[in-house]
file input.cif (mmCIF, C-alpha atoms)
data_protein
loop_
_atom_site.label_atom_id
_atom_site.label_comp_id
_atom_site.auth_asym_id
_atom_site.auth_seq_id
_atom_site.Cartn_x
_atom_site.Cartn_y
_atom_site.Cartn_z
CA MET A 5 11.79 70.53 50.09
CA ALA A 6 14.90 70.27 52.27
CA ILE A 7 15.95 73.79 51.30
CA LEU A 8 12.45 75.15 52.09
CA SER A 9 12.44 73.40 55.47
CA TYR A 10 15.86 74.85 56.28
CA TYR A 11 14.68 78.34 55.26
CA ILE A 12 11.55 78.13 57.45
CA ALA A 13 13.57 76.76 60.38
CA ARG A 14 15.96 79.71 60.21
CA LYS A 15 13.09 82.21 60.13
CA VAL A 16 11.49 80.52 63.15
CA LEU A 17 14.76 80.58 65.10
CA VAL A 18 15.28 84.31 64.55
CA GLU A 19 11.60 84.94 65.51
CA ASP A 20 10.62 86.44 62.18
CA GLU A 21 7.12 87.92 62.67
CA ASN A 22 5.96 86.37 59.40
CA TYR A 23 6.64 82.91 60.82
CA THR A 24 5.13 83.42 64.29
CA TRP A 25 2.52 80.72 63.71
CA PHE A 26 5.18 78.08 62.94
CA ARG A 27 7.07 79.04 66.09
CA GLN A 28 3.97 78.91 68.27
CA VAL A 29 3.14 75.44 66.99
CA ALA A 30 6.70 74.24 67.57
CA ILE A 31 6.76 75.56 71.14
CA ALA A 32 3.28 74.17 71.89
CA LEU A 33 4.56 70.73 70.90
CA THR A 34 7.79 70.97 72.89
CA VAL A 35 6.07 71.99 76.16
CA ILE A 36 3.98 68.80 76.19
CA GLY A 37 5.31 66.84 79.13
CA GLY A 38 7.54 69.73 80.22
CA THR A 39 7.40 71.70 83.46
CA SER A 40 4.25 73.79 83.75
CA PHE A 41 3.84 77.03 85.68
CA ARG A 42 0.58 77.87 83.92
CA ASP A 43 -1.45 80.36 86.04
CA ALA A 44 1.15 80.10 88.81
CA ASN A 45 2.03 82.98 91.12
CA LEU A 46 5.73 83.50 90.47
CA THR A 47 6.00 86.90 92.17
CA GLU A 48 9.68 87.57 93.00
CA ALA A 49 10.66 84.00 92.04
CA ASN A 50 14.26 83.51 90.91
CA PHE A 51 14.94 81.73 87.60
CA SER A 52 18.42 83.19 87.06
CA HIS A 53 20.74 80.75 85.23
CA ALA A 54 17.89 78.20 84.92
CA ILE A 55 17.40 76.23 81.68
CA LEU A 56 13.78 76.91 80.74
CA LYS A 57 13.28 75.20 77.39
CA SER A 58 9.85 73.51 77.06
CA THR A 59 8.51 75.24 80.20
CA ASP A 60 4.95 76.60 80.18
CA PHE A 61 4.54 80.05 81.78
CA THR A 62 1.17 80.83 80.18
CA THR A 63 -0.76 83.51 82.15
CA ALA A 64 1.62 83.15 85.11
CA ASN A 65 2.04 86.10 87.47
CA THR A 66 5.65 87.11 86.78
CA THR A 67 5.71 90.31 88.85
CA ARG A 68 9.34 91.08 89.72
CA THR A 69 10.37 87.55 88.69
CA LEU A 70 14.13 87.36 88.11
CA TRP A 71 15.17 85.98 84.70
CA HIS A 72 18.78 87.15 84.67
CA LEU A 73 21.01 84.89 82.55
CA SER A 74 18.35 82.20 82.27
CA LYS A 75 18.74 79.95 79.23
CA LYS A 76 16.41 78.80 76.42
CA LEU A 77 13.65 81.13 77.63
CA ASP A 78 12.87 81.83 73.98
CA TRP A 79 11.72 78.18 73.71
CA ALA A 80 9.34 78.41 76.66
CA LYS A 81 5.63 79.13 76.26
CA LEU A 82 5.17 82.72 77.43
CA SER A 83 1.62 83.56 76.34
CA GLN A 84 -0.01 86.53 78.11
CA THR A 85 3.15 87.59 79.94
CA ILE A 86 5.46 90.54 79.28
CA LEU A 87 8.04 88.00 78.07
CA GLU A 88 6.17 87.50 74.79
CA LYS A 89 8.01 90.45 73.23
CA PRO A 90 11.54 89.36 72.22
CA GLN A 91 12.98 92.80 73.08
CA ILE A 92 11.64 92.65 76.64
CA ARG A 93 12.69 89.04 77.05
CA ASP A 94 16.24 89.85 75.96
CA LEU A 95 16.36 92.81 78.36
CA LEU A 96 15.19 90.77 81.34
CA VAL A 97 17.67 88.00 80.60
CA SER A 98 20.72 90.09 79.72
CA GLY A 99 20.04 93.23 81.76
CA ASP A 100 21.43 95.25 78.84
CA GLY A 101 19.12 97.94 77.52
CA CYS A 102 21.77 100.55 76.81
CA ASN A 103 20.90 102.77 73.82
CA LYS A 104 17.78 100.70 73.08
CA SER A 105 14.15 101.75 72.67
CA TYR A 106 11.30 100.45 74.81
CA SER A 107 8.93 103.29 73.97
CA ASN A 108 5.28 102.38 74.64
CA PHE A 109 6.33 98.94 75.92
CA SER A 110 4.74 97.34 78.96
CA LEU A 111 7.47 96.57 81.50
CA ARG A 112 4.92 96.33 84.29
CA GLY A 113 6.29 94.24 87.14
CA ALA A 114 9.63 93.67 85.38
CA ASN A 115 12.66 92.77 87.49
CA LEU A 116 15.42 95.06 86.22
CA ILE A 117 17.70 95.12 89.24
CA LYS A 118 21.09 96.57 88.20
CA ALA A 119 19.99 96.71 84.55
CA ASP A 120 21.85 99.06 82.23
CA LEU A 121 19.24 101.38 80.72
CA SER A 122 21.56 104.30 80.08
CA ASN A 123 20.49 106.33 77.04
CA ALA A 124 17.42 104.07 76.72
CA ASN A 125 14.15 105.39 75.33
CA LEU A 126 11.45 104.64 77.91
CA LYS A 127 9.01 107.24 76.61
CA GLU A 128 5.42 106.28 77.51
CA ALA A 129 6.64 102.93 78.85
CA ASP A 130 4.73 101.29 81.69
CA LEU A 131 7.18 100.64 84.54
CA SER A 132 4.49 100.27 87.21
CA GLU A 133 5.33 97.80 89.99
CA ALA A 134 8.71 97.09 88.37
CA THR A 135 11.95 97.05 90.30
CA LEU A 136 14.86 99.05 88.93
CA GLU A 137 16.89 98.97 92.10
CA ALA A 138 20.47 100.10 91.40
CA ALA A 139 19.65 100.31 87.68
CA ASN A 140 21.54 102.72 85.43
CA LEU A 141 19.06 105.22 83.96
CA GLU A 142 21.59 107.91 83.10
CA ASN A 143 20.47 109.99 80.08
CA ALA A 144 17.35 107.82 79.72
CA ASN A 145 14.14 109.28 78.32
CA LEU A 146 11.34 108.89 80.88
CA THR A 147 8.81 111.18 79.21
CA GLN A 148 5.25 110.18 80.22
CA ALA A 149 6.51 106.92 81.73
CA GLN A 150 4.16 105.28 84.23
CA ALA A 151 6.07 104.57 87.45
CA ILE A 152 3.38 103.86 90.05
CA GLY A 153 4.69 101.44 92.66
CA THR A 154 8.10 101.31 90.97
CA ASN A 155 11.27 100.70 92.97
CA PHE A 156 14.10 103.04 91.92
CA LYS A 157 16.13 102.61 95.10
CA GLU A 158 19.81 103.49 94.49
CA ALA A 159 19.17 103.91 90.73
CA LYS A 160 21.36 106.31 88.72
CA PHE A 161 19.40 109.16 87.14
CA THR A 162 21.98 111.74 86.07
CA GLY A 163 21.00 113.32 82.74
CA ALA A 164 17.61 111.58 82.54
CA CYS A 165 14.94 113.65 80.79
CA GLY A 166 11.14 113.94 80.67
CA LEU A 167 10.71 113.81 84.45
CA GLY A 168 8.25 116.67 84.23
CA THR A 169 5.66 114.33 82.72
CA TRP A 170 6.40 110.94 84.29
CA ASN A 171 3.71 109.59 86.60
CA ILE A 172 4.80 108.71 90.16
CA ASP A 173 3.09 108.61 93.54
CA ASN A 174 3.84 107.83 97.17
CA THR A 175 4.34 104.15 96.31
CA THR A 176 7.27 105.04 94.02
CA ASN A 177 10.54 104.34 95.84
CA LEU A 178 13.15 107.05 95.18
CA GLU A 179 15.30 106.25 98.21
CA TRP A 180 19.05 106.89 97.85
CA VAL A 181 18.80 107.78 94.15
CA ASP A 182 22.21 108.70 92.68
CA CYS A 183 21.70 111.85 90.60
CA ARG A 184 23.62 115.03 89.82
CA TYR A 185 21.01 116.68 87.54
CA VAL A 186 17.97 115.86 85.38
CA TYR A 187 15.79 117.54 82.75
CA LEU A 188 12.04 117.95 83.14
CA LEU A 189 11.51 118.17 79.36
CA GLU A 190 12.40 115.80 76.55
CA HIS A 191 13.02 118.59 74.04
CA PRO A 192 13.94 122.26 74.55
CA ARG A 193 11.16 124.82 74.60
CA PRO A 194 10.54 126.41 71.17
CA ARG A 195 13.35 128.74 70.05
CA THR A 196 15.40 128.01 73.18
CA ASP A 197 17.79 125.38 74.49
CA ASP A 198 15.88 125.19 77.79
CA ARG A 199 14.90 121.66 78.83
CA GLU A 200 14.23 122.83 82.42
CA ARG A 201 17.32 121.47 84.10
CA ARG A 202 17.06 120.60 87.78
CA PRO A 203 18.77 121.96 89.70
CA ASN A 204 18.95 125.11 87.59
CA SER A 205 22.66 125.28 88.28
CA GLY A 206 25.17 123.16 90.10
CA GLU A 207 24.33 119.60 91.16
CA PHE A 208 21.97 117.84 93.55
CA LYS A 209 23.33 117.21 96.98
CA PRO A 210 22.67 113.73 98.45
CA GLY A 211 18.93 113.31 99.02
CA GLU A 212 17.84 116.46 97.16
CA PHE A 213 16.56 114.57 94.10
CA THR A 214 14.30 112.47 96.32
CA MET A 215 13.07 115.52 98.21
CA LEU A 216 12.27 117.37 94.96
CA PHE A 217 10.18 114.63 93.40
CA GLN A 218 8.48 113.46 96.58
CA LYS A 219 6.74 116.85 96.64
CA VAL A 220 4.52 115.75 93.74
CA VAL A 221 3.31 112.47 95.17
CA GLU A 222 0.09 113.99 96.53
CA THR A 223 -1.18 114.45 92.99
CA VAL A 224 -2.44 112.27 90.16
CA ASP A 225 -0.89 113.41 86.89
CA LEU A 226 -3.23 113.19 83.91
CA ILE A 227 -1.15 113.39 80.72
CA PHE A 228 -2.74 114.41 77.42
CA ARG A 229 -0.53 113.95 74.37
CA ASN A 230 -2.71 115.74 71.80
CA GLY A 231 -4.27 118.55 73.79
CA ILE A 232 -7.42 118.27 75.89
CA ASN A 233 -11.03 117.81 74.82
CA TRP A 234 -12.56 119.87 77.63
CA THR A 235 -16.05 118.48 77.19
CA ALA A 236 -14.75 114.93 77.60
CA PHE A 237 -12.48 116.05 80.47
CA THR A 238 -15.32 117.67 82.43
CA ARG A 239 -17.62 114.68 82.05
CA SER A 240 -14.83 112.23 82.95
CA PHE A 241 -13.72 114.23 85.99
CA SER A 242 -17.30 114.41 87.28
CA GLN A 243 -17.82 110.68 86.79
CA VAL A 244 -14.57 109.78 88.57
CA GLN A 245 -15.58 112.06 91.45
CA VAL A 246 -18.94 110.24 91.70
CA GLN A 247 -17.21 106.84 91.67
CA ASN A 248 -14.88 108.03 94.45
CA GLU A 249 -17.38 110.08 96.42
CA ASP A 250 -15.43 109.76 99.68
CA ILE A 251 -12.33 111.35 98.12
CA GLN A 252 -12.00 115.05 97.42
CA LEU A 253 -10.51 115.62 93.96
CA CYS A 254 -9.24 119.06 93.03
CA VAL A 255 -7.44 120.30 89.91
CA GLN A 256 -4.19 121.76 91.23
CA SER A 257 -2.59 122.93 88.00
CA ILE A 258 -2.69 122.70 84.21
CA GLU A 259 0.72 122.72 82.52
CA ASN A 260 1.45 123.06 78.81
CA LYS A 261 4.62 121.06 78.24
CA GLY A 262 4.87 121.82 74.53
CA ASP A 263 4.50 119.52 71.50
CA GLY A 264 0.78 119.19 72.28
CA VAL A 265 1.45 117.66 75.71
CA VAL A 266 -0.67 118.98 78.57
CA VAL A 267 -0.40 117.76 82.17
CA VAL A 268 -3.29 118.24 84.58
CA LYS A 269 -2.30 117.68 88.20
CA VAL A 270 -5.18 116.56 90.40
CA ARG A 271 -4.63 116.91 94.14
CA VAL A 272 -5.79 113.90 96.16
CA PRO A 273 -5.44 112.81 99.80
CA SER A 274 -2.24 110.91 100.57
CA GLU A 275 -4.18 107.74 101.43
CA ALA A 276 -6.07 107.69 98.11
CA ASP A 277 -5.53 104.89 95.61
CA LYS A 278 -3.89 107.01 92.92
CA PHE A 279 -3.44 104.15 90.49
CA LYS A 280 -7.17 103.39 90.64
CA ILE A 281 -8.15 107.03 90.13
CA HIS A 282 -5.73 107.43 87.22
CA SER A 283 -6.91 104.22 85.54
CA GLU A 284 -10.59 105.12 85.94
CA PHE A 285 -10.09 108.58 84.47
CA VAL A 286 -8.11 107.32 81.46
CA GLN A 287 -10.73 104.67 80.70
CA ILE A 288 -13.68 107.07 81.05
CA TYR A 289 -11.93 109.84 79.09
CA ASP A 290 -11.15 107.45 76.20
CA THR A 291 -14.81 106.38 76.16
CA GLN A 292 -15.96 110.01 76.19
CA LEU A 293 -13.65 110.80 73.27
CA LYS A 294 -15.17 107.98 71.23
CA LEU A 295 -18.68 109.20 72.05
CA GLU A 296 -17.65 112.74 71.13
CA ASP A 297 -16.27 111.50 67.80
CA LYS A 298 -19.54 109.71 67.08
CA PHE A 299 -21.50 112.82 68.04
CA GLN A 300 -19.35 114.98 65.77
CA GLU A 301 -19.78 112.45 62.98
CA LEU A 302 -23.58 112.50 63.46
CA GLU A 303 -23.59 116.29 63.73
CA GLY A 304 -21.54 116.49 60.55
CA TRP A 305 -24.02 114.20 58.80
CA ARG A 306 -26.92 116.39 59.95
CA GLN A 307 -25.15 119.51 58.75
CA ARG A 308 -24.48 117.90 55.37
CA GLN A 309 -28.14 116.87 55.09
CA GLU A 310 -29.25 120.38 56.00
CA ARG A 311 -26.81 121.87 53.50
CA GLU A 312 -28.01 119.54 50.72
CA THR A 313 -31.64 120.34 51.54
CA ASN A 314 -30.93 124.07 51.40
CA GLN A 315 -29.12 123.61 48.10
CA MET A 316 -32.08 121.65 46.73
CA LYS A 317 -34.50 124.35 47.86
CA ALA A 318 -32.36 126.98 46.14
CA VAL A 319 -32.43 124.97 42.91
CA ILE A 320 -36.20 124.56 43.19
CA GLN A 321 -36.67 128.27 43.77
CA GLN A 322 -34.57 128.97 40.71
CA ILE A 323 -36.64 126.52 38.64
CA GLU A 324 -39.87 128.09 39.88
CA ALA A 325 -38.57 131.56 39.02
CA THR A 326 -37.71 130.54 35.45
CA CYS A 327 -40.87 128.49 34.89
CA LYS A 328 -43.61 130.93 35.90
CA ASP A 329 -45.72 130.06 32.89
CA ARG A 330 -45.58 126.32 33.54
CA VAL A 331 -47.18 124.21 36.22
CA VAL A 332 -44.42 122.78 38.42
CA MET A 333 -45.38 120.62 41.40
CA LEU A 334 -42.55 119.67 43.75
CA ASN A 335 -42.85 117.97 47.09
CA LEU A 336 -39.89 117.95 49.44
CA ASP A 337 -41.60 115.86 52.11
#

call {"tool": "encode", "arguments": {"input": "input.cif", "output": "structure tokens"}}
result
Amino acid sequence: MAILSYYIARKVLVEDENYTWFRQVAIALTVIGGTSFRDANLTEANFSHAILKSTDFTTANTTRTLWHLSKKLDWAKLSQTILEKPQIRDLLVSGDGCNKSYSNFSLRGANLIKADLSNANLKEADLSEATLEAANLENANLTQAQAIGTNFKEAKFTGACGLGTWNIDNTTNLEWVDCRYVYLLEHPRPRTDDRERRPNSGEFKPGEFTMLFQKVVETVDLIFRNGINWTAFTRSFSQVQVQNEDIQLCVQSIENKGDGVVVVKVRVPSEADKFKIHSEFVQIYDTQLKLEDKFQELEGWRQRQERETNQMKAVIQQIEATCKDRVVMLNLD
């Protein structure tokens, strides 16, 4: 029994996913009587170097909260916050994300001031409303990253890739970015080594990176990873236009980025809520795709039924042709 208890304890301490329930129970017991920030608004609060064992942060608003070098955060209750994922928690505490992958992770509202994210994989990550001021993003992969309302002031971008498909707007802060060159594509175009370097030759002069990417902030970028279902797109676009009747939406361009990725740039007024428009379209488009799948499934069922009926009729006709001298009564209704 002692050996089993020791084994379970070790698994709980290293946050083995198979022992999550044991860990949750242990933390729930330790937070009883501890400090509670449940449902609290901790926007831009500073917990750096704090000892946070037995603290309850359940459903707290931790937008841009600073956790740098805090201690025992892994023994705090972090339900329904971005800190639930051990990888994100470690990044926010240590500031070290060099050569690590955060692909598809939600880092929304994360405080990553001066974090080292060089060579990090941030593909399809949600960085909205996060602060990466003075962060090192050199050679990072930002393909299809969401960066609405993100603060990149004084961040280092040299060698970063995928900036042709990241999603930014006029709330994205690119002031004083330190960058010599970037790549718009994650991978080279087929049968070439062209990743669309910017600038095409030489290096950015101070301020040129910011000027280049601020040109796109009057658009909402709709990113499709597996091509576009045009029926679903048309219906979704029309519905979003109805829901935002006071805003003129116009498709500015359609870009094939390769690997099945298509970017549709929708021009909107500078004062428009781009995050709202983007969110509405994604939600409606996903719903339309599900409806389309159901329709195709039903249509496929109808076609199968029709095919089986035709096959049955053919068999009946063959039977009738070979049984002319017999009375055969068949009713298909």

call {"tool": "residues_around", "arguments": {"input": "input.cif", "residues": "Gln245 (chain A)", "least_positions_apart": "3", "cutoff": "12 Å", "atoms": "all atoms listed in the file", "output": "list in words"}}
result
Thr238, Arg239, Ser240, Phe241, Ser242, Asn248, Glu249, Asp250, Ile251, Gln252, Leu253, Cys254, Val255, Val270, Val272, Ile281, His282, Glu284, Phe285 and Ile288 of chain A

call {"tool": "residues_around", "arguments": {"input": "input.cif", "residues": "region 170-173 of chain A", "least_positions_apart": "4", "cutoff": "7 Å", "atoms": "all atoms listed in the file", "output": "MDAnalysis selection string"}}
result
chainID A and resid 146:152 166 221:222 225

call {"tool": "residues_near_point", "arguments": {"input": "input.cif", "point": "(-4.1, 123.0, 88.5)", "cutoff": "10 Å", "atoms": "all atoms listed in the file", "output": "count of residues only"}}
result
11

call {"tool": "closest_residue", "arguments": {"input": "input.cif", "among": "A:Phe161, A:Phe41, A:Phe299, A:Phe156", "to": "Asp182 (chain A)", "atoms": "all atoms listed in the file"}}
result
A:Phe161

call {"tool": "residues_around", "arguments": {"input": "input.cif", "residues": "Leu95 (chain A)", "least_positions_apart": "5", "cutoff": "10 Å", "atoms": "only C-alpha atoms", "output": "list of chain:residue names"}}
result
A:Trp71, A:His72, A:Leu87, A:Pro90, A:Asp100, A:Gly101, A:Cys102, A:Lys104, A:Tyr106, A:Ala114, A:Asn115, A:Leu116, A:Ala119, A:Asp120, A:Leu121

call {"tool": "write_last_selection", "arguments": {"input": "input.cif", "atoms": "C-alpha atoms", "output": "mmCIF file, in the coordinates of the input"}}
result
data_model
loop_
_atom_site.group_PDB
_atom_site.id
_atom_site.type_symbol
_atom_site.label_atom_id
_atom_site.label_comp_id
_atom_site.auth_asym_id
_atom_site.auth_seq_id
_atom_site.Cartn_x
_atom_site.Cartn_y
_atom_site.Cartn_z
ATOM 1 C CA TRP A 71 15.170 85.980 84.700
ATOM 2 C CA HIS A 72 18.780 87.150 84.670
ATOM 3 C CA LEU A 87 8.040 88.000 78.070
ATOM 4 C CA PRO A 90 11.540 89.360 72.220
ATOM 5 C CA ASP A 100 21.430 95.250 78.840
ATOM 6 C CA GLY A 101 19.120 97.940 77.520
ATOM 7 C CA CYS A 102 21.770 100.550 76.810
ATOM 8 C CA LYS A 104 17.780 100.700 73.080
ATOM 9 C CA TYR A 106 11.300 100.450 74.810
ATOM 10 C CA ALA A 114 9.630 93.670 85.380
ATOM 11 C CA ASN A 115 12.660 92.770 87.490
ATOM 12 C CA LEU A 116 15.420 95.060 86.220
ATOM 13 C CA ALA A 119 19.990 96.710 84.550
ATOM 14 C CA ASP A 120 21.850 99.060 82.230
ATOM 15 C CA LEU A 121 19.240 101.380 80.720
#

call {"tool": "closest_residue", "arguments": {"input": "input.cif", "among": "A:Ser58, A:Gln247, A:Ser110, A:Thr162", "to": "Val181 (chain A)", "atoms": "all atoms listed in the file"}}
result
A:Thr162

call {"tool": "build_atoms", "arguments": {"input": "input.cif", "residues": "region 145-156 of chain A", "atoms": "all heavy atoms", "output": "PDB file, keeping the file's coordinate frame"}}
result
ATOM      1  N   ASN A 145      15.321 108.459  78.588  1.00  0.00           N
ATOM      2  CA  ASN A 145      14.140 109.280  78.320  1.00  0.00           C
ATOM      3  C   ASN A 145      12.941 108.673  79.048  1.00  0.00           C
ATOM      4  O   ASN A 145      12.476 107.591  78.705  1.00  0.00           O
ATOM      5  CB  ASN A 145      13.863 109.319  76.809  1.00  0.00           C
ATOM      6  CG  ASN A 145      12.704 110.237  76.451  1.00  0.00           C
ATOM      7  OD1 ASN A 145      12.010 110.747  77.323  1.00  0.00           O
ATOM      8  ND2 ASN A 145      12.482 110.438  75.165  1.00  0.00           N
ATOM      9  N   LEU A 146      12.441 109.384  80.059  1.00  0.00           N
ATOM     10  CA  LEU A 146      11.340 108.890  80.880  1.00  0.00           C
ATOM     11  C   LEU A 146      10.064 109.717  80.665  1.00  0.00           C
ATOM     12  O   LEU A 146       9.163 109.719  81.505  1.00  0.00           O
ATOM     13  CB  LEU A 146      11.738 108.908  82.356  1.00  0.00           C
ATOM     14  CG  LEU A 146      12.794 107.861  82.739  1.00  0.00           C
ATOM     15  CD1 LEU A 146      13.449 108.216  84.055  1.00  0.00           C
ATOM     16  CD2 LEU A 146      12.172 106.476  82.812  1.00  0.00           C
ATOM     17  N   THR A 147       9.969 110.364  79.517  1.00  0.00           N
ATOM     18  CA  THR A 147       8.810 111.180  79.210  1.00  0.00           C
ATOM     19  C   THR A 147       7.514 110.368  79.267  1.00  0.00           C
ATOM     20  O   THR A 147       7.390 109.340  78.606  1.00  0.00           O
ATOM     21  CB  THR A 147       8.943 111.795  77.798  1.00  0.00           C
ATOM     22  OG1 THR A 147      10.155 112.551  77.732  1.00  0.00           O
ATOM     23  CG2 THR A 147       7.760 112.690  77.476  1.00  0.00           C
ATOM     24  N   GLN A 148       6.575 110.794  80.089  1.00  0.00           N
ATOM     25  CA  GLN A 148       5.250 110.180  80.220  1.00  0.00           C
ATOM     26  C   GLN A 148       5.310 108.699  80.631  1.00  0.00           C
ATOM     27  O   GLN A 148       4.363 107.945  80.411  1.00  0.00           O
ATOM     28  CB  GLN A 148       4.469 110.331  78.916  1.00  0.00           C
ATOM     29  CG  GLN A 148       4.254 111.780  78.535  1.00  0.00           C
ATOM     30  CD  GLN A 148       3.640 111.964  77.178  1.00  0.00           C
ATOM     31  OE1 GLN A 148       2.721 111.242  76.809  1.00  0.00           O
ATOM     32  NE2 GLN A 148       4.130 112.926  76.420  1.00  0.00           N
ATOM     33  N   ALA A 149       6.411 108.294  81.230  1.00  0.00           N
ATOM     34  CA  ALA A 149       6.510 106.920  81.730  1.00  0.00           C
ATOM     35  C   ALA A 149       5.613 106.759  82.952  1.00  0.00           C
ATOM     36  O   ALA A 149       5.478 107.668  83.774  1.00  0.00           O
ATOM     37  CB  ALA A 149       7.950 106.580  82.087  1.00  0.00           C
ATOM     38  N   GLN A 150       4.983 105.593  83.064  1.00  0.00           N
ATOM     39  CA  GLN A 150       4.160 105.280  84.230  1.00  0.00           C
ATOM     40  C   GLN A 150       5.038 104.557  85.255  1.00  0.00           C
ATOM     41  O   GLN A 150       5.601 103.499  84.960  1.00  0.00           O
ATOM     42  CB  GLN A 150       2.985 104.393  83.825  1.00  0.00           C
ATOM     43  CG  GLN A 150       2.016 105.048  82.860  1.00  0.00           C
ATOM     44  CD  GLN A 150       1.322 106.250  83.468  1.00  0.00           C
ATOM     45  OE1 GLN A 150       0.912 106.230  84.628  1.00  0.00           O
ATOM     46  NE2 GLN A 150       1.191 107.313  82.682  1.00  0.00           N
ATOM     47  N   ALA A 151       5.174 105.140  86.452  1.00  0.00           N
ATOM     48  CA  ALA A 151       6.070 104.570  87.450  1.00  0.00           C
ATOM     49  C   ALA A 151       5.389 104.472  88.813  1.00  0.00           C
ATOM     50  O   ALA A 151       5.987 104.756  89.849  1.00  0.00           O
ATOM     51  CB  ALA A 151       7.353 105.382  87.546  1.00  0.00           C
ATOM     52  N   ILE A 152       4.121 104.053  88.803  1.00  0.00           N
ATOM     53  CA  ILE A 152       3.380 103.860  90.050  1.00  0.00           C
ATOM     54  C   ILE A 152       3.845 102.553  90.702  1.00  0.00           C
ATOM     55  O   ILE A 152       3.828 101.507  90.076  1.00  0.00           O
ATOM     56  CB  ILE A 152       1.863 103.798  89.796  1.00  0.00           C
ATOM     57  CG1 ILE A 152       1.384 105.044  89.047  1.00  0.00           C
ATOM     58  CG2 ILE A 152       1.098 103.619  91.102  1.00  0.00           C
ATOM     59  CD1 ILE A 152       1.581 106.322  89.797  1.00  0.00           C
ATOM     60  N   GLY A 153       4.262 102.642  91.960  1.00  0.00           N
ATOM     61  CA  GLY A 153       4.690 101.440  92.660  1.00  0.00           C
ATOM     62  C   GLY A 153       6.028 100.906  92.194  1.00  0.00           C
ATOM     63  O   GLY A 153       6.380  99.752  92.463  1.00  0.00           O
ATOM     64  N   THR A 154       6.807 101.741  91.512  1.00  0.00           N
ATOM     65  CA  THR A 154       8.100 101.310  90.970  1.00  0.00           C
ATOM     66  C   THR A 154       9.211 101.537  91.979  1.00  0.00           C
ATOM     67  O   THR A 154       9.233 102.542  92.681  1.00  0.00           O
ATOM     68  CB  THR A 154       8.405 102.073  89.663  1.00  0.00           C
ATOM     69  OG1 THR A 154       7.289 101.946  88.788  1.00  0.00           O
ATOM     70  CG2 THR A 154       9.647 101.525  88.991  1.00  0.00           C
ATOM     71  N   ASN A 155      10.157 100.603  92.029  1.00  0.00           N
ATOM     72  CA  ASN A 155      11.270 100.700  92.970  1.00  0.00           C
ATOM     73  C   ASN A 155      12.524 101.189  92.243  1.00  0.00           C
ATOM     74  O   ASN A 155      13.123 100.460  91.456  1.00  0.00           O
ATOM     75  CB  ASN A 155      11.542  99.329  93.618  1.00  0.00           C
ATOM     76  CG  ASN A 155      12.674  99.387  94.634  1.00  0.00           C
ATOM     77  OD1 ASN A 155      13.174 100.464  94.974  1.00  0.00           O
ATOM     78  ND2 ASN A 155      13.089  98.232  95.121  1.00  0.00           N
ATOM     79  N   PHE A 156      12.900 102.458  92.515  1.00  0.00           N
ATOM     80  CA  PHE A 156      14.100 103.040  91.920  1.00  0.00           C
ATOM     81  C   PHE A 156      15.222 103.192  92.956  1.00  0.00           C
ATOM     82  O   PHE A 156      16.152 103.962  92.753  1.00  0.00           O
ATOM     83  CB  PHE A 156      13.793 104.434  91.348  1.00  0.00           C
ATOM     84  CG  PHE A 156      12.918 104.432  90.119  1.00  0.00           C
ATOM     85  CD1 PHE A 156      11.619 104.924  90.184  1.00  0.00           C
ATOM     86  CD2 PHE A 156      13.392 103.957  88.906  1.00  0.00           C
ATOM     87  CE1 PHE A 156      10.810 104.958  89.057  1.00  0.00           C
ATOM     88  CE2 PHE A 156      12.591 103.975  87.771  1.00  0.00           C
ATOM     89  CZ  PHE A 156      11.298 104.474  87.843  1.00  0.00           C
TER      90      PHE A 156
END
